[in-house]
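final_24.cif follows (mmCIF, C-alpha atoms):
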```cif
data_upload
loop_
_atom_site.label_atom_id
_atom_site.label_comp_id
_atom_site.auth_asym_id
_atom_site.auth_seq_id
_atom_site.Cartn_x
_atom_site.Cartn_y
_atom_site.Cartn_z
CA MET A 298 18.36 -36.45 -48.61
CA GLU A 299 20.58 -38.73 -46.58
CA LYS A 300 22.48 -35.70 -45.30
CA ILE A 301 19.24 -34.01 -44.23
CA LYS A 302 18.22 -37.16 -42.40
CA GLN A 303 21.56 -37.15 -40.57
CA ILE A 304 21.14 -33.45 -39.72
CA LYS A 305 17.75 -34.21 -38.18
CA GLN A 306 19.24 -37.07 -36.15
CA LEU A 307 22.10 -34.87 -34.91
CA ALA A 308 19.67 -32.06 -34.10
CA ASP A 309 17.57 -34.50 -32.12
CA GLN A 310 20.59 -35.59 -30.09
CA LEU A 311 21.44 -31.95 -29.39
CA ARG A 312 17.78 -31.19 -28.61
CA LEU A 313 17.62 -28.58 -31.36
CA THR A 314 13.88 -28.89 -31.80
CA LEU A 315 13.41 -26.26 -34.50
CA LEU A 316 16.17 -27.68 -36.70
CA ARG A 317 14.94 -31.23 -36.19
CA ASN A 318 11.38 -30.37 -37.18
CA GLN A 319 12.05 -27.84 -39.92
CA ALA A 320 15.38 -28.91 -41.44
CA ASP A 321 13.90 -29.35 -44.93
CA ASN A 322 12.31 -25.89 -44.98
CA LEU A 323 15.32 -24.14 -43.43
CA ILE A 324 17.76 -25.67 -45.89
CA HIS A 325 15.46 -25.02 -48.85
CA GLN A 326 15.05 -21.36 -47.86
CA ALA A 327 18.81 -20.98 -47.45
CA GLN A 328 19.32 -22.32 -50.99
CA ILE A 329 16.99 -19.57 -52.22
CA ASP A 330 18.26 -16.66 -50.07
CA LYS A 331 21.92 -17.70 -50.19
CA PRO A 332 22.92 -16.02 -46.88
CA THR A 333 26.53 -15.89 -45.77
CA TYR A 334 27.72 -18.70 -43.53
CA ILE A 335 27.78 -16.37 -40.52
CA ASP A 336 24.29 -14.99 -41.22
CA TYR A 337 22.85 -18.46 -41.70
CA THR A 338 24.43 -19.72 -38.46
CA HIS A 339 23.28 -16.64 -36.53
CA ASN A 340 19.72 -16.85 -37.82
CA LEU A 341 19.48 -20.56 -37.15
CA LEU A 342 20.70 -20.25 -33.56
CA GLU A 343 18.53 -17.19 -32.92
CA ARG A 344 15.40 -18.96 -34.15
CA GLU A 345 16.29 -22.02 -32.06
CA VAL A 346 16.61 -19.87 -28.93
CA LEU A 347 13.31 -18.11 -29.62
CA GLN A 348 11.60 -21.47 -30.14
CA ARG A 349 13.00 -22.76 -26.86
CA GLN A 350 11.79 -19.65 -25.04
CA LYS A 351 8.33 -20.09 -26.58
CA ASN A 352 8.22 -23.77 -25.63
CA ASP A 353 9.40 -23.01 -22.10
CA MET A 354 6.74 -20.31 -21.66
CA GLU A 355 4.01 -22.68 -22.90
CA ARG A 356 5.25 -25.38 -20.51
CA ARG A 357 5.27 -23.03 -17.51
CA ILE A 358 1.85 -21.62 -18.37
CA LYS A 359 0.52 -25.19 -18.52
CA LEU A 360 2.10 -26.06 -15.16
CA ALA A 361 0.60 -22.90 -13.65
CA HIS A 362 -2.85 -24.49 -14.12
CA LEU A 363 -4.56 -21.20 -14.95
CA PRO A 364 -8.32 -20.93 -15.43
CA ARG A 365 -9.58 -19.87 -18.85
CA ASN A 366 -9.93 -16.16 -18.03
CA HIS A 367 -6.77 -14.61 -16.59
CA ASN A 368 -5.79 -11.61 -18.72
CA LEU A 369 -5.84 -8.59 -16.42
CA ASP A 370 -5.85 -6.27 -19.43
CA ASN A 371 -9.51 -7.26 -19.77
CA TYR A 372 -10.48 -6.75 -16.13
CA ASP A 373 -13.86 -5.01 -15.83
CA TYR A 374 -13.72 -2.41 -13.03
CA SER A 375 -17.43 -1.61 -13.29
CA PHE A 376 -18.59 -4.81 -11.58
CA SER A 377 -16.71 -4.53 -8.32
CA SER A 378 -15.21 -1.92 -6.04
CA GLY A 379 -12.13 -2.26 -3.90
CA ILE A 380 -9.38 -1.98 -6.49
CA ASN A 381 -8.85 0.78 -9.05
CA LYS A 382 -6.69 0.96 -12.18
CA ASN A 383 -3.72 2.52 -10.40
CA GLN A 384 -3.77 -0.11 -7.67
CA MET A 385 -4.08 -2.86 -10.27
CA LYS A 386 -1.10 -1.45 -12.15
CA GLU A 387 0.92 -1.42 -8.94
CA ILE A 388 0.21 -5.01 -7.93
CA ARG A 389 0.83 -6.20 -11.52
CA GLU A 390 4.40 -4.90 -11.23
CA LEU A 391 4.96 -7.65 -8.62
CA LEU A 392 7.41 -5.59 -6.58
CA TRP A 393 5.68 -6.88 -3.43
CA MET A 394 7.01 -10.35 -4.24
CA GLU A 395 10.57 -9.18 -3.60
CA GLN A 396 9.73 -8.92 0.11
CA ALA A 397 7.59 -12.08 0.13
CA TYR A 398 4.41 -10.07 0.68
CA ASN A 399 1.05 -11.80 0.42
CA ILE A 400 -2.22 -10.57 -1.05
CA VAL A 401 -5.62 -11.59 0.30
CA LEU A 402 -8.59 -10.93 -1.98
CA MET A 403 -11.73 -10.96 0.13
CA GLY A 404 -15.33 -10.57 -0.97
CA PRO A 405 -18.52 -12.28 -2.14
CA SER A 406 -18.68 -14.62 -5.10
CA GLY A 407 -18.42 -13.10 -8.55
CA THR A 408 -16.53 -9.92 -7.65
CA GLY A 409 -13.34 -10.83 -9.51
CA LYS A 410 -11.21 -12.48 -6.83
CA THR A 411 -10.33 -15.55 -8.89
CA TYR A 412 -9.79 -13.46 -12.02
CA ILE A 413 -7.29 -11.19 -10.27
CA ALA A 414 -5.49 -14.10 -8.59
CA ALA A 415 -5.12 -15.99 -11.88
CA GLY A 416 -4.03 -12.79 -13.63
CA LEU A 417 -1.25 -12.22 -11.12
CA ILE A 418 -0.03 -15.79 -11.60
CA ASN A 419 0.00 -15.18 -15.36
CA GLU A 420 2.00 -11.98 -14.85
CA ALA A 421 4.51 -13.82 -12.66
CA VAL A 422 4.98 -16.68 -15.12
CA SER A 423 5.45 -14.19 -17.97
CA LYS A 424 8.22 -12.51 -15.97
CA GLY A 425 10.05 -15.76 -15.36
CA TYR A 426 8.84 -16.63 -11.86
CA ARG A 427 7.75 -20.09 -10.77
CA ALA A 428 4.08 -19.47 -10.10
CA TYR A 429 1.06 -21.75 -9.71
CA PHE A 430 -2.71 -21.43 -9.37
CA CYS A 431 -4.81 -23.94 -7.44
CA THR A 432 -8.08 -24.15 -5.58
CA MET A 433 -8.05 -25.01 -1.90
CA GLU A 434 -9.63 -28.35 -2.79
CA GLU A 435 -6.88 -29.15 -5.32
CA LEU A 436 -4.17 -28.19 -2.84
CA ILE A 437 -5.62 -30.37 -0.08
CA ASN A 438 -5.80 -33.25 -2.54
CA VAL A 439 -2.11 -32.82 -3.38
CA LEU A 440 -1.25 -32.82 0.33
CA LYS A 441 -3.26 -36.01 0.85
CA MET A 442 -1.90 -37.85 -2.19
CA LYS A 443 1.77 -36.81 -2.21
CA GLU A 444 2.81 -39.97 -0.36
CA MET A 445 0.85 -42.17 -2.75
CA THR A 446 1.29 -40.84 -6.28
CA SER A 447 4.29 -39.42 -8.11
CA SER A 448 2.18 -36.75 -9.84
CA ALA A 449 1.01 -35.34 -6.48
CA LEU A 450 4.54 -35.51 -5.07
CA ASN A 451 5.92 -33.67 -8.12
CA GLN A 452 3.27 -30.98 -7.74
CA TYR A 453 4.00 -30.66 -4.03
CA ASN A 454 7.72 -30.24 -4.74
CA ARG A 455 6.89 -27.55 -7.28
CA TYR A 456 4.94 -25.69 -4.59
CA LEU A 457 7.94 -25.91 -2.25
CA LYS A 458 10.14 -24.19 -4.85
CA ALA A 459 7.56 -21.62 -5.99
CA HIS A 460 7.95 -17.86 -5.98
CA LEU A 461 4.19 -17.28 -5.99
CA ILE A 462 1.14 -19.49 -5.33
CA ALA A 463 -2.49 -18.47 -5.67
CA ILE A 464 -4.92 -20.44 -3.50
CA ASP A 465 -8.50 -19.94 -4.61
CA ASP A 466 -11.55 -20.24 -2.33
CA ILE A 467 -9.63 -20.84 0.88
CA MET A 468 -11.85 -22.03 3.74
CA LEU A 469 -14.87 -22.28 1.46
CA LEU A 470 -15.57 -25.81 2.68
CA PRO A 471 -14.75 -27.54 5.98
CA ILE A 472 -11.55 -29.57 6.04
CA LYS A 473 -10.52 -32.42 8.30
CA LYS A 474 -8.08 -31.90 11.16
CA HIS A 475 -5.19 -33.80 9.56
CA GLU A 476 -5.75 -31.90 6.29
CA ALA A 477 -5.67 -28.61 8.16
CA VAL A 478 -2.42 -29.58 9.86
CA ALA A 479 -0.85 -30.54 6.51
CA PHE A 480 -2.01 -27.23 5.03
CA PHE A 481 -0.52 -25.28 7.96
CA ASN A 482 2.79 -27.14 7.61
CA LEU A 483 2.99 -26.13 3.94
CA ILE A 484 2.16 -22.48 4.70
CA ASN A 485 4.68 -22.51 7.53
CA HIS A 486 7.36 -23.84 5.16
CA LEU A 487 6.55 -21.21 2.53
CA HIS A 488 6.43 -18.36 5.07
CA GLU A 489 8.70 -15.49 3.96
CA GLN A 490 10.07 -17.63 1.12
CA CYS A 491 7.12 -17.60 -1.25
CA SER A 492 4.38 -15.03 -1.79
CA LEU A 493 0.74 -16.07 -1.66
CA VAL A 494 -2.38 -14.73 -3.33
CA ILE A 495 -5.41 -15.97 -1.44
CA THR A 496 -9.06 -15.57 -2.34
CA THR A 497 -11.79 -16.03 0.24
CA ASN A 498 -15.39 -15.07 0.89
CA LYS A 499 -14.94 -15.45 4.64
CA TYR A 500 -13.49 -13.06 7.17
CA PRO A 501 -10.42 -14.31 9.06
CA LYS A 502 -12.41 -14.79 12.27
CA GLN A 503 -14.60 -17.28 10.38
CA TRP A 504 -11.60 -19.42 9.47
CA ALA A 505 -11.51 -20.85 13.01
CA GLU A 506 -15.09 -22.05 12.54
CA THR A 507 -14.17 -23.77 9.27
CA LEU A 508 -11.05 -25.37 10.77
CA GLU A 509 -12.81 -26.06 14.08
CA ASP A 510 -9.52 -25.14 15.73
CA GLU A 511 -8.96 -21.59 16.93
CA VAL A 512 -5.28 -22.14 17.79
CA LEU A 513 -4.46 -23.54 14.35
CA ALA A 514 -6.45 -20.80 12.62
CA THR A 515 -4.60 -18.12 14.61
CA ALA A 516 -1.20 -19.62 13.74
CA LEU A 517 -2.19 -19.84 10.07
CA LEU A 518 -3.41 -16.25 9.95
CA ASP A 519 -0.31 -15.06 11.77
CA ARG A 520 1.86 -16.31 8.92
CA ILE A 521 -0.38 -15.22 6.08
CA LEU A 522 -1.14 -11.72 7.40
CA TYR A 523 2.35 -10.89 8.71
CA HIS A 524 3.35 -9.15 5.47
CA CYS A 525 0.09 -8.80 3.64
CA GLU A 526 -2.20 -6.50 1.68
CA VAL A 527 -5.90 -7.27 2.20
CA ILE A 528 -8.09 -6.14 -0.70
CA LYS A 529 -11.82 -6.17 -0.04
CA LEU A 530 -13.94 -6.49 -3.16
CA ASP A 531 -17.63 -5.62 -3.23
CA GLY A 532 -20.25 -5.30 -5.92
CA ASN A 533 -22.49 -7.34 -8.17
CA SER A 534 -21.60 -10.80 -9.36
CA TYR A 535 -20.02 -10.53 -12.81
CA ARG A 536 -21.08 -14.08 -13.68
CA MET A 537 -24.71 -13.45 -12.75
CA GLU A 538 -24.83 -10.13 -14.59
CA ASN A 539 -23.30 -11.69 -17.71
CA ARG A 540 -24.77 -15.17 -17.58
CA LYS A 541 -25.88 -16.73 -20.85
CA ASN A 542 -28.90 -18.93 -21.45
CA ILE A 543 -28.89 -22.01 -23.61
CA PHE A 544 -32.43 -21.31 -24.78
CA ASP A 545 -33.97 -18.13 -26.08
CA ASN A 546 -35.80 -16.35 -23.26
CA LYS A 547 -38.73 -15.77 -25.57
CA LEU A 548 -39.08 -19.49 -26.09
CA ILE A 549 -39.00 -20.05 -22.35
CA GLU A 550 -41.71 -17.45 -21.80
CA LYS A 551 -43.98 -19.27 -24.24
#
```
What's the structure tokens form of this structure?
Amino acid sequence: MEKIKQIKQLADQLRLTLLRNQADNLIHQAQIDKPTYIDYTHNLLEREVLQRQKNDMERRIKLAHLPRNHNLDNYDYSFSSGINKNQMKEIRELLWMEQAYNIVLMGPSGTGKTYIAAGLINEAVSKGYRAYFCTMEELINVLKMKEMTSSALNQYNRYLKAHLIAIDDIMLLPIKKHEAVAFFNLINHLHEQCSLVITTNKYPKQWAETLEDEVLATALLDRILYHCEVIKLDGNSYRMENRKNIFDNKLIEK
């Protein structure tokens, strides 16, 4: 038992998480199976690598800050028009990222913009890219707080090194002049270095009204739309068509 304790301590120093946590079970199973030394060593290292890959994927998925629904395999094409299965397959391949292309998903609420954006982030993370999902409000908050808190600064630095960032509900709400300038500076820094997926329910010409600055809006759009695919989504709101009531409708009618 003392030897097993020492093995766990050594594994901890070497950051061999699987061996540290499962030393008792691994050694007990080896006593039963009696593998050769080379097989045992190979299997142990292979399982350790697989565990590290699993842990790394879970960490990156957590950092991506994905909403609950983001699996594009489950995308319902019957509730919106503007993207078909072949087009979805093409954008899921992420080849457009190699040329730092952007995607703008435009349309009314409930037509799948957020779902697609989150799904593309999930695809990117699964393929090893540094990818993050955020709402416009969350991004502005990071820009405001990065000089005051380490968590905001760390998140900002992650954005600077990202391969893909999805910004949800851009220009949904008015933003202050200094916030707009900070947002432009970030987009300008990321231009042609990082791909963007942007969702919006406003046409580009309406962005100037939200920013209350036509020059800034033009400069922002110039960078976003330079290499860009604009996908217009129309149709019924999926959330409204599939909303659930807490109470039985029959009870409400009574």
Spell out the residues picked by the PyMOL selection byres ((chain A and resi 494) around 12) here, as a PDB file with C-alpha atoms, in the frame of the given file.
```pdb
ATOM      1  CA  ILE A 388       0.210  -5.010  -7.930  1.00  0.00           C
ATOM      2  CA  LEU A 391       4.960  -7.650  -8.620  1.00  0.00           C
ATOM      3  CA  TRP A 393       5.680  -6.880  -3.430  1.00  0.00           C
ATOM      4  CA  MET A 394       7.010 -10.350  -4.240  1.00  0.00           C
ATOM      5  CA  ALA A 397       7.590 -12.080   0.130  1.00  0.00           C
ATOM      6  CA  TYR A 398       4.410 -10.070   0.680  1.00  0.00           C
ATOM      7  CA  ASN A 399       1.050 -11.800   0.420  1.00  0.00           C
ATOM      8  CA  ILE A 400      -2.220 -10.570  -1.050  1.00  0.00           C
ATOM      9  CA  VAL A 401      -5.620 -11.590   0.300  1.00  0.00           C
ATOM     10  CA  LEU A 402      -8.590 -10.930  -1.980  1.00  0.00           C
ATOM     11  CA  MET A 403     -11.730 -10.960   0.130  1.00  0.00           C
ATOM     12  CA  LYS A 410     -11.210 -12.480  -6.830  1.00  0.00           C
ATOM     13  CA  THR A 411     -10.330 -15.550  -8.890  1.00  0.00           C
ATOM     14  CA  TYR A 412      -9.790 -13.460 -12.020  1.00  0.00           C
ATOM     15  CA  ILE A 413      -7.290 -11.190 -10.270  1.00  0.00           C
ATOM     16  CA  ALA A 414      -5.490 -14.100  -8.590  1.00  0.00           C
ATOM     17  CA  ALA A 415      -5.120 -15.990 -11.880  1.00  0.00           C
ATOM     18  CA  GLY A 416      -4.030 -12.790 -13.630  1.00  0.00           C
ATOM     19  CA  LEU A 417      -1.250 -12.220 -11.120  1.00  0.00           C
ATOM     20  CA  ILE A 418      -0.030 -15.790 -11.600  1.00  0.00           C
ATOM     21  CA  ALA A 421       4.510 -13.820 -12.660  1.00  0.00           C
ATOM     22  CA  ALA A 428       4.080 -19.470 -10.100  1.00  0.00           C
ATOM     23  CA  TYR A 429       1.060 -21.750  -9.710  1.00  0.00           C
ATOM     24  CA  PHE A 430      -2.710 -21.430  -9.370  1.00  0.00           C
ATOM     25  CA  CYS A 431      -4.810 -23.940  -7.440  1.00  0.00           C
ATOM     26  CA  THR A 432      -8.080 -24.150  -5.580  1.00  0.00           C
ATOM     27  CA  MET A 433      -8.050 -25.010  -1.900  1.00  0.00           C
ATOM     28  CA  HIS A 460       7.950 -17.860  -5.980  1.00  0.00           C
ATOM     29  CA  LEU A 461       4.190 -17.280  -5.990  1.00  0.00           C
ATOM     30  CA  ILE A 462       1.140 -19.490  -5.330  1.00  0.00           C
ATOM     31  CA  ALA A 463      -2.490 -18.470  -5.670  1.00  0.00           C
ATOM     32  CA  ILE A 464      -4.920 -20.440  -3.500  1.00  0.00           C
ATOM     33  CA  ASP A 465      -8.500 -19.940  -4.610  1.00  0.00           C
ATOM     34  CA  ASP A 466     -11.550 -20.240  -2.330  1.00  0.00           C
ATOM     35  CA  ILE A 467      -9.630 -20.840   0.880  1.00  0.00           C
ATOM     36  CA  CYS A 491       7.120 -17.600  -1.250  1.00  0.00           C
ATOM     37  CA  SER A 492       4.380 -15.030  -1.790  1.00  0.00           C
ATOM     38  CA  LEU A 493       0.740 -16.070  -1.660  1.00  0.00           C
ATOM     39  CA  ILE A 495      -5.410 -15.970  -1.440  1.00  0.00           C
ATOM     40  CA  THR A 496      -9.060 -15.570  -2.340  1.00  0.00           C
ATOM     41  CA  THR A 497     -11.790 -16.030   0.240  1.00  0.00           C
ATOM     42  CA  ILE A 521      -0.380 -15.220   6.080  1.00  0.00           C
ATOM     43  CA  LEU A 522      -1.140 -11.720   7.400  1.00  0.00           C
ATOM     44  CA  HIS A 524       3.350  -9.150   5.470  1.00  0.00           C
ATOM     45  CA  CYS A 525       0.090  -8.800   3.640  1.00  0.00           C
ATOM     46  CA  GLU A 526      -2.200  -6.500   1.680  1.00  0.00           C
ATOM     47  CA  VAL A 527      -5.900  -7.270   2.200  1.00  0.00           C
ATOM     48  CA  ILE A 528      -8.090  -6.140  -0.700  1.00  0.00           C
TER      49      ILE A 528
END
```
May I ask which of the residues A:Glu434, A:Glu444, A:Pro501, A:Val422 is the closest one to Asp353 of chain A, counting all atoms listed in the file?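 Closest to Asp353 of chain A of all the choices is A:Val422.
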Can you translate the PyMOL selection byres ((chain A and resi 321-324) around 12) into the concrete residues it hits in this file, as an MDAnalysis selection string? chainID A and resid 298:305 315:320 325:332 337:338 340:342 344:345
Limited to C-alpha atoms, could you put the picked residues into a file as a PDB file, in the coordinates of the input?
```
ATOM      1  CA  MET A 298      18.360 -36.450 -48.610  1.00  0.00           C
ATOM      2  CA  GLU A 299      20.580 -38.730 -46.580  1.00  0.00           C
ATOM      3  CA  LYS A 300      22.480 -35.700 -45.300  1.00  0.00           C
ATOM      4  CA  ILE A 301      19.240 -34.010 -44.230  1.00  0.00           C
ATOM      5  CA  LYS A 302      18.220 -37.160 -42.400  1.00  0.00           C
ATOM      6  CA  GLN A 303      21.560 -37.150 -40.570  1.00  0.00           C
ATOM      7  CA  ILE A 304      21.140 -33.450 -39.720  1.00  0.00           C
ATOM      8  CA  LYS A 305      17.750 -34.210 -38.180  1.00  0.00           C
ATOM      9  CA  LEU A 315      13.410 -26.260 -34.500  1.00  0.00           C
ATOM     10  CA  LEU A 316      16.170 -27.680 -36.700  1.00  0.00           C
ATOM     11  CA  ARG A 317      14.940 -31.230 -36.190  1.00  0.00           C
ATOM     12  CA  ASN A 318      11.380 -30.370 -37.180  1.00  0.00           C
ATOM     13  CA  GLN A 319      12.050 -27.840 -39.920  1.00  0.00           C
ATOM     14  CA  ALA A 320      15.380 -28.910 -41.440  1.00  0.00           C
ATOM     15  CA  HIS A 325      15.460 -25.020 -48.850  1.00  0.00           C
ATOM     16  CA  GLN A 326      15.050 -21.360 -47.860  1.00  0.00           C
ATOM     17  CA  ALA A 327      18.810 -20.980 -47.450  1.00  0.00           C
ATOM     18  CA  GLN A 328      19.320 -22.320 -50.990  1.00  0.00           C
ATOM     19  CA  ILE A 329      16.990 -19.570 -52.220  1.00  0.00           C
ATOM     20  CA  ASP A 330      18.260 -16.660 -50.070  1.00  0.00           C
ATOM     21  CA  LYS A 331      21.920 -17.700 -50.190  1.00  0.00           C
ATOM     22  CA  PRO A 332      22.920 -16.020 -46.880  1.00  0.00           C
ATOM     23  CA  TYR A 337      22.850 -18.460 -41.700  1.00  0.00           C
ATOM     24  CA  THR A 338      24.430 -19.720 -38.460  1.00  0.00           C
ATOM     25  CA  ASN A 340      19.720 -16.850 -37.820  1.00  0.00           C
ATOM     26  CA  LEU A 341      19.480 -20.560 -37.150  1.00  0.00           C
ATOM     27  CA  LEU A 342      20.700 -20.250 -33.560  1.00  0.00           C
ATOM     28  CA  ARG A 344      15.400 -18.960 -34.150  1.00  0.00           C
ATOM     29  CA  GLU A 345      16.290 -22.020 -32.060  1.00  0.00           C
TER      30      GLU A 345
END
```
I'd like the neighbourhood of Trp504 of chain A as number ranges by chain, where a residue qualifies if any of its atoms comes within 12 Å (using all atoms listed in the file), though same-chain residues fewer than 6 positions away should be ignored. A: 466-472, 477, 497-498, 510-518
Atomic distance atom CA of Glu343 of chain A - atom CA of Ala361 of chain A, expressed in Å with one decimal: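 Interatomic distance here is 26.9 Å.
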Please compute the atom CA of Ile437 of chain A-atom CA of Phe480 of chain A distance, one decimal, in Å.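 One can read the atom CA of Ile437 of chain A to atom CA of Phe480 of chain A distance as 7.0 Å.
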I need the output of the PyMOL selection byres ((chain A and resi 483) around 12) for this file as a VMD selection string; which residues are they? chain A and resid 436 to 437 439 to 440 453 to 459 462 476 to 482 484 to 488 490 to 491 493 517 520 to 521
Atomic separation - atom CA of Asp531 of chain A relative to atom CA of Pro405 of chain A, Å: 6.8 Å
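Here the question is which of A:Arg365, A:Lys529, A:Lys382, A:Arg389 gets nearest to Ser423 of chain A using only C-alpha atoms, and that residue is A:Arg389.
If you measure from each of A:Arg349, A:Thr333, A:Lys386, A:Asp373 to Arg312 of chain A using all atoms listed in the file, the closest one turns out to be A:Arg349.
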